[in-house]
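*Asks:* Sharing a structure here in structure tokens format.
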Amino acid sequence: MQTGPTTTQTTSTSVNTSGAWDLQLCSPSKINLFLRVTRRRDDGFHDLASLFQTLSLHDKLYFRVTTDTGKDTMECNIGGIPTDERNLIIRAFQTYRKYTGLDKQDDNKQFLHTRLEKTIPHEAGLGGGSSNAATALWAINKLNGNKCSTAELIDMGAQFGSDISFFFSATGTAFCTGRGEVVDDVHPGLTCDYPVYVVKPPEGLSTGRVFGTLDIARCSQRDPQALLSDMQRDILTADFVNDLETPSFQLVPRLGQLKERLYEAGFKVVMMSGSGTSFFCIGQPNDADFVDKFGRENDVKVFPTQFQNRRSDAMWYFE
Ligand code: C5P
């Protein structure tokens, strides 16, 4: 999920975040433990069957209700992120008001100012933009007395991105189908708290470009239900499949070499997440200095993280 082109109206600031915010929420990243593409649809999208899992690697979002600005506004700690309607956070607020009819109320003069502190890398297949959008929907709903149900928030998310709905899963582990917006909660017990290393090369890929390069005839034939059962039985002996690896490796050939090097570094599992370009690695590296050394030698960023589930669907991931 991308936030859009990054040409105009971007704001980078380093304001003191201890000021008066009405709500502060963490916006988690996700990986796809497996991702099967099962069909190309008539609407140009693809049907998927994928096991999504949230990670502790997260962005931070701060929200303030305002009556002064006449529109929703936002700021970001790094440059290059659009802060106007191209940002999914602003789109989330607009979608929510339209869905609930709040936009039609004459006395509705309340808008939101959001500060986004970005850590999740962009064009990485980690769902950063989608998670920010889901977190923004959760926030505006909470600030409006939880007017909408989870099912309605899932429906709203699906209107402007395929991966947004997943983040409303009750636990943060879900088997998703359709475009990705049909969310079935899966018990996270078998997969919780695993240490994971996320590795992100500087090259990025847009989701649309990767799906556009995919040759459906070259996808795995593995039954998604069998992949799910194997993974729930024992994640360390399960097969990790991502049908988007082949087109992504075609577009950025260095990704294939990077995957080999990560196996050589000692991991049991190395798999690209979503449409890339990041990899998640499960197991322990041979070298205690892996994070710095591998990052330096391969010109990549390494994020030590872990599977992180939601404690209750009455709360956001970590507040
Ligand atoms: O929904 P999202 O904005 O993530 O999709 C970006 C692009 O990726 C879509 O325009 C579409 O080309 C492609 N896509 C797809 N099938 C999906 C999800 C995305 O073909 N299930």
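In the structure tokens, chains take letters A, B, ... by order of appearance, with residues numbered from 1 within each chain and ligands from 1 in the order shown.
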Within 9 Å of Tyr317 in chain A, counting only C-alpha atoms, which residues show up once you throw out same-chain ones fewer than 2 positions away? Write them as a PyMOL selection string, please.

*Replies:* chain A and resi 25-28+171-172+308-313+315+319

*Asks:* Set the cut-off to 7 Å, count only C-alpha atoms and all ligand atoms, and list whatever residues fall near ligand 1 as a ChimeraX atom specification.

*Replies:* /A:1-2,44-48,160-163,178-180,207-208,211-212

*Asks:* Could you write those residues out with N, CA and C atoms, as a compact mmCIF listing (two decimals), in the first residue's frame?

*Replies:*
# COMPACT_ATOMS: atom_id res chain seq x y z
N MET A 1 0.84 -1.19 0.00
CA MET A 1 0.00 0.00 0.00
C MET A 1 0.88 1.24 0.00
N GLN A 2 0.67 2.10 -0.96
CA GLN A 2 1.50 3.29 -1.06
C GLN A 2 0.67 4.51 -0.67
N GLY A 44 -9.30 -6.25 -12.65
CA GLY A 44 -7.87 -5.90 -12.71
C GLY A 44 -7.13 -6.28 -11.43
N PHE A 45 -7.85 -6.56 -10.36
CA PHE A 45 -7.21 -7.01 -9.12
C PHE A 45 -6.98 -8.52 -9.17
N HIS A 46 -6.31 -9.04 -8.16
CA HIS A 46 -6.07 -10.48 -8.06
C HIS A 46 -6.67 -11.00 -6.76
N ASP A 47 -7.19 -12.22 -6.81
CA ASP A 47 -7.62 -12.87 -5.56
C ASP A 47 -6.40 -13.48 -4.89
N LEU A 48 -6.33 -13.30 -3.58
CA LEU A 48 -5.21 -13.85 -2.81
C LEU A 48 -5.72 -14.80 -1.75
N PHE A 160 -10.64 1.89 0.03
CA PHE A 160 -9.49 2.63 -0.51
C PHE A 160 -8.14 1.91 -0.37
N GLY A 161 -8.16 0.60 -0.13
CA GLY A 161 -6.91 -0.16 -0.13
C GLY A 161 -7.16 -1.61 0.22
N SER A 162 -6.43 -2.53 -0.40
CA SER A 162 -6.69 -3.96 -0.21
C SER A 162 -6.21 -4.48 1.15
N ASP A 163 -5.18 -3.86 1.73
CA ASP A 163 -4.57 -4.40 2.96
C ASP A 163 -5.07 -3.73 4.23
N GLY A 178 -10.04 -12.85 -0.96
CA GLY A 178 -10.54 -11.77 -1.81
C GLY A 178 -9.34 -10.97 -2.30
N ARG A 179 -9.48 -9.65 -2.37
CA ARG A 179 -8.34 -8.78 -2.70
C ARG A 179 -7.36 -8.71 -1.53
N GLY A 180 -7.78 -9.29 -0.40
CA GLY A 180 -7.03 -9.19 0.85
C GLY A 180 -7.95 -8.65 1.93
N THR A 207 3.14 -1.91 -5.27
CA THR A 207 2.31 -3.12 -5.35
C THR A 207 1.77 -3.32 -6.76
N GLY A 208 1.27 -2.24 -7.37
CA GLY A 208 0.68 -2.32 -8.71
C GLY A 208 1.68 -2.84 -9.73
N PHE A 211 2.23 -6.70 -9.21
CA PHE A 211 1.09 -7.48 -9.73
C PHE A 211 1.06 -7.41 -11.25
N GLY A 212 1.46 -6.27 -11.82
CA GLY A 212 1.47 -6.10 -13.27
C GLY A 212 2.49 -7.00 -13.95

*Asks:* Using only C-alpha atoms, what does the table of range 148-222 of chain A residues within 9 Å of range 86-101 of chain A look like, with each row giving the shortest atom pair and its distance in Å to one decimal, sorted by chain and ascending number, as a Markdown table?

*Replies:*
| residue | atom | partner | partner_atom | distance |
| --- | --- | --- | --- | --- |
| A:Cys148 | CA | A:Thr100 | CA | 8.0 |
| A:Glu152 | CA | A:Tyr99 | CA | 9.0 |
| A:Leu153 | CA | A:Tyr96 | CA | 8.3 |
| A:Met156 | CA | A:Thr95 | CA | 6.8 |
| A:Gly157 | CA | A:Ala92 | CA | 7.6 |
| A:Gln159 | CA | A:Thr95 | CA | 8.2 |
| A:Phe160 | CA | A:Arg91 | CA | 8.0 |
| A:Gly161 | CA | A:Leu88 | CA | 8.8 |

*Asks:* Identify, with DSSP run on backbone atoms, the residues in range 54-268 of chain A assigned to strand (DSSP E or B), and express the list as an NGL selection string.

*Replies:* :A and (54-66 or 73-76 or 82 or 111-117 or 173-178 or 182-185 or 195-200 or 242)

*Asks:* I'd like the neighbourhood of Ser220 in chain A as a list in words, where a residue qualifies if any of its atoms comes within 9 Å (using only C-alpha atoms), though same-chain residues fewer than 5 positions away should be ignored.

*Replies:* Arg36, Val37, Val241, Asn242 and Asp243 of chain A

*Asks:* For range 51-58 of chain A, work out the shell of residues within 8 Å, counting only C-alpha atoms and skipping chain neighbours fewer than 2 positions away, then give it as a list in words.

*Replies:* Cys26, Ser27, Pro28, Ser29, Lys30, Ile31, Asn32, Leu33, Phe34, Leu35, Ala49, Lys60, Lys118, Thr119, Ile120, Phe166, Gly172, Thr173, Ala174, Phe175, Cys176, Leu228, Phe303, Thr305, Gln306, Phe307, Gln308 and Asn309 of chain A

*Asks:* I'd like the neighbourhood of Thr237 in chain A as a PDB file with all heavy atoms, in the first residue's frame, where a residue qualifies if any of its atoms comes within 12 Å (using only C-alpha atoms), though same-chain residues fewer than 6 positions away should be ignored.

*Replies:*
ATOM      1  N   LEU A 227      -1.446 -24.973   3.472  1.00  0.00           N
ATOM      2  CA  LEU A 227      -0.352 -24.106   3.964  1.00  0.00           C
ATOM      3  C   LEU A 227      -0.695 -23.560   5.345  1.00  0.00           C
ATOM      4  O   LEU A 227       0.143 -23.523   6.242  1.00  0.00           O
ATOM      5  CB  LEU A 227      -0.125 -22.928   2.996  1.00  0.00           C
ATOM      6  CG  LEU A 227       0.532 -23.249   1.653  1.00  0.00           C
ATOM      7  CD1 LEU A 227       0.462 -22.032   0.726  1.00  0.00           C
ATOM      8  CD2 LEU A 227       1.985 -23.668   1.839  1.00  0.00           C
ATOM      9  N   SER A 229      -2.818 -24.881   7.608  1.00  0.00           N
ATOM     10  CA  SER A 229      -2.782 -25.940   8.638  1.00  0.00           C
ATOM     11  C   SER A 229      -1.345 -26.253   9.024  1.00  0.00           C
ATOM     12  O   SER A 229      -1.033 -26.392  10.210  1.00  0.00           O
ATOM     13  CB  SER A 229      -3.413 -27.240   8.134  1.00  0.00           C
ATOM     14  OG  SER A 229      -4.646 -26.974   7.597  1.00  0.00           O
ATOM     15  N   ASP A 230      -0.450 -26.356   8.022  1.00  0.00           N
ATOM     16  CA  ASP A 230       0.962 -26.665   8.320  1.00  0.00           C
ATOM     17  C   ASP A 230       1.570 -25.585   9.204  1.00  0.00           C
ATOM     18  O   ASP A 230       2.290 -25.869  10.155  1.00  0.00           O
ATOM     19  CB  ASP A 230       1.787 -26.733   7.026  1.00  0.00           C
ATOM     20  CG  ASP A 230       1.509 -28.014   6.260  1.00  0.00           C
ATOM     21  OD1 ASP A 230       0.746 -28.855   6.779  1.00  0.00           O
ATOM     22  OD2 ASP A 230       2.040 -28.151   5.139  1.00  0.00           O
ATOM     23  N   MET A 231       1.239 -24.337   8.885  1.00  0.00           N
ATOM     24  CA  MET A 231       1.841 -23.232   9.623  1.00  0.00           C
ATOM     25  C   MET A 231       1.316 -23.185  11.059  1.00  0.00           C
ATOM     26  O   MET A 231       2.056 -22.881  11.986  1.00  0.00           O
ATOM     27  CB  MET A 231       1.542 -21.934   8.898  1.00  0.00           C
ATOM     28  CG  MET A 231       2.554 -20.904   9.238  1.00  0.00           C
ATOM     29  SD  MET A 231       2.839 -19.745   7.938  1.00  0.00           S
ATOM     30  CE  MET A 231       4.124 -20.442   6.985  1.00  0.00           C
ATOM     31  N   LYS A 268      16.750 -19.835   9.380  1.00  0.00           N
ATOM     32  CA  LYS A 268      15.987 -21.016   8.964  1.00  0.00           C
ATOM     33  C   LYS A 268      15.003 -20.654   7.866  1.00  0.00           C
ATOM     34  O   LYS A 268      14.727 -21.432   6.973  1.00  0.00           O
ATOM     35  CB  LYS A 268      15.168 -21.522  10.162  1.00  0.00           C
ATOM     36  CG  LYS A 268      15.791 -22.637  10.941  1.00  0.00           C
ATOM     37  CD  LYS A 268      14.825 -23.049  12.041  1.00  0.00           C
ATOM     38  CE  LYS A 268      14.777 -24.520  12.312  1.00  0.00           C
ATOM     39  NZ  LYS A 268      16.035 -25.193  12.388  1.00  0.00           N
ATOM     40  N   VAL A 269      14.417 -19.469   7.997  1.00  0.00           N
ATOM     41  CA  VAL A 269      13.390 -19.023   7.052  1.00  0.00           C
ATOM     42  C   VAL A 269      13.749 -17.624   6.563  1.00  0.00           C
ATOM     43  O   VAL A 269      14.046 -16.740   7.379  1.00  0.00           O
ATOM     44  CB  VAL A 269      12.007 -18.940   7.750  1.00  0.00           C
ATOM     45  CG1 VAL A 269      10.963 -18.321   6.821  1.00  0.00           C
ATOM     46  CG2 VAL A 269      11.555 -20.296   8.253  1.00  0.00           C
ATOM     47  N   ILE A 282      13.433 -15.634  10.000  1.00  0.00           N
ATOM     48  CA  ILE A 282      13.093 -16.270  11.280  1.00  0.00           C
ATOM     49  C   ILE A 282      14.239 -17.204  11.654  1.00  0.00           C
ATOM     50  O   ILE A 282      14.792 -17.898  10.807  1.00  0.00           O
ATOM     51  CB  ILE A 282      11.757 -17.036  11.180  1.00  0.00           C
ATOM     52  CG1 ILE A 282      10.624 -16.066  10.793  1.00  0.00           C
ATOM     53  CG2 ILE A 282      11.414 -17.732  12.500  1.00  0.00           C
ATOM     54  CD1 ILE A 282       9.259 -16.712  10.632  1.00  0.00           C
ATOM     55  N   GLY A 283      14.575 -17.219  12.938  1.00  0.00           N
ATOM     56  CA  GLY A 283      15.708 -18.015  13.423  1.00  0.00           C
ATOM     57  C   GLY A 283      16.750 -17.061  13.967  1.00  0.00           C
ATOM     58  O   GLY A 283      16.462 -15.891  14.199  1.00  0.00           O
TER      59      GLY A 283
END

*Asks:* Once DSSP has gone over the backbone, tell me which residues of range 55-259 of chain A are in helix (DSSP H, G or I), as a PyMOL selection string.

*Replies:* chain A and resi 88-100+102-104+128-143+150-158+165-168+207-213+216-218+224-233+245-251+254-259

*Asks:* Between CA of Gly125 in chain A and CA of Leu244 in chain A, what is the distance in Å, rounded to a tenth?

*Replies:*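 Computing it gives 10.3 Å between the two atoms.
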
*Asks:* Between CA of Glu85 in chain A and CA of Lys301 in chain A, what is the distance, to one decimal in Å?

*Replies:*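 Interatomic distance, CA of Glu85 in chain A to CA of Lys301 in chain A: 29.4 Å.
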
*Asks:* Excluding Ala151 in chain A and any residue of its chain fewer than 2 positions from it, enumerate the residues within 12 Å of it, using only C-alpha atoms, and give them as number ranges by chain.

*Replies:* A: 138, 147-149, 153-158, 165-170, 181-184, 313

*Asks:* Counting only C-alpha atoms, which of A:Ser273, A:Gln284, A:Thr114, A:Ser278 gets nearest to Leu23 in chain A?

*Replies:*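 Among the listed residues, the smallest separation from Leu23 in chain A belongs to A:Thr114.
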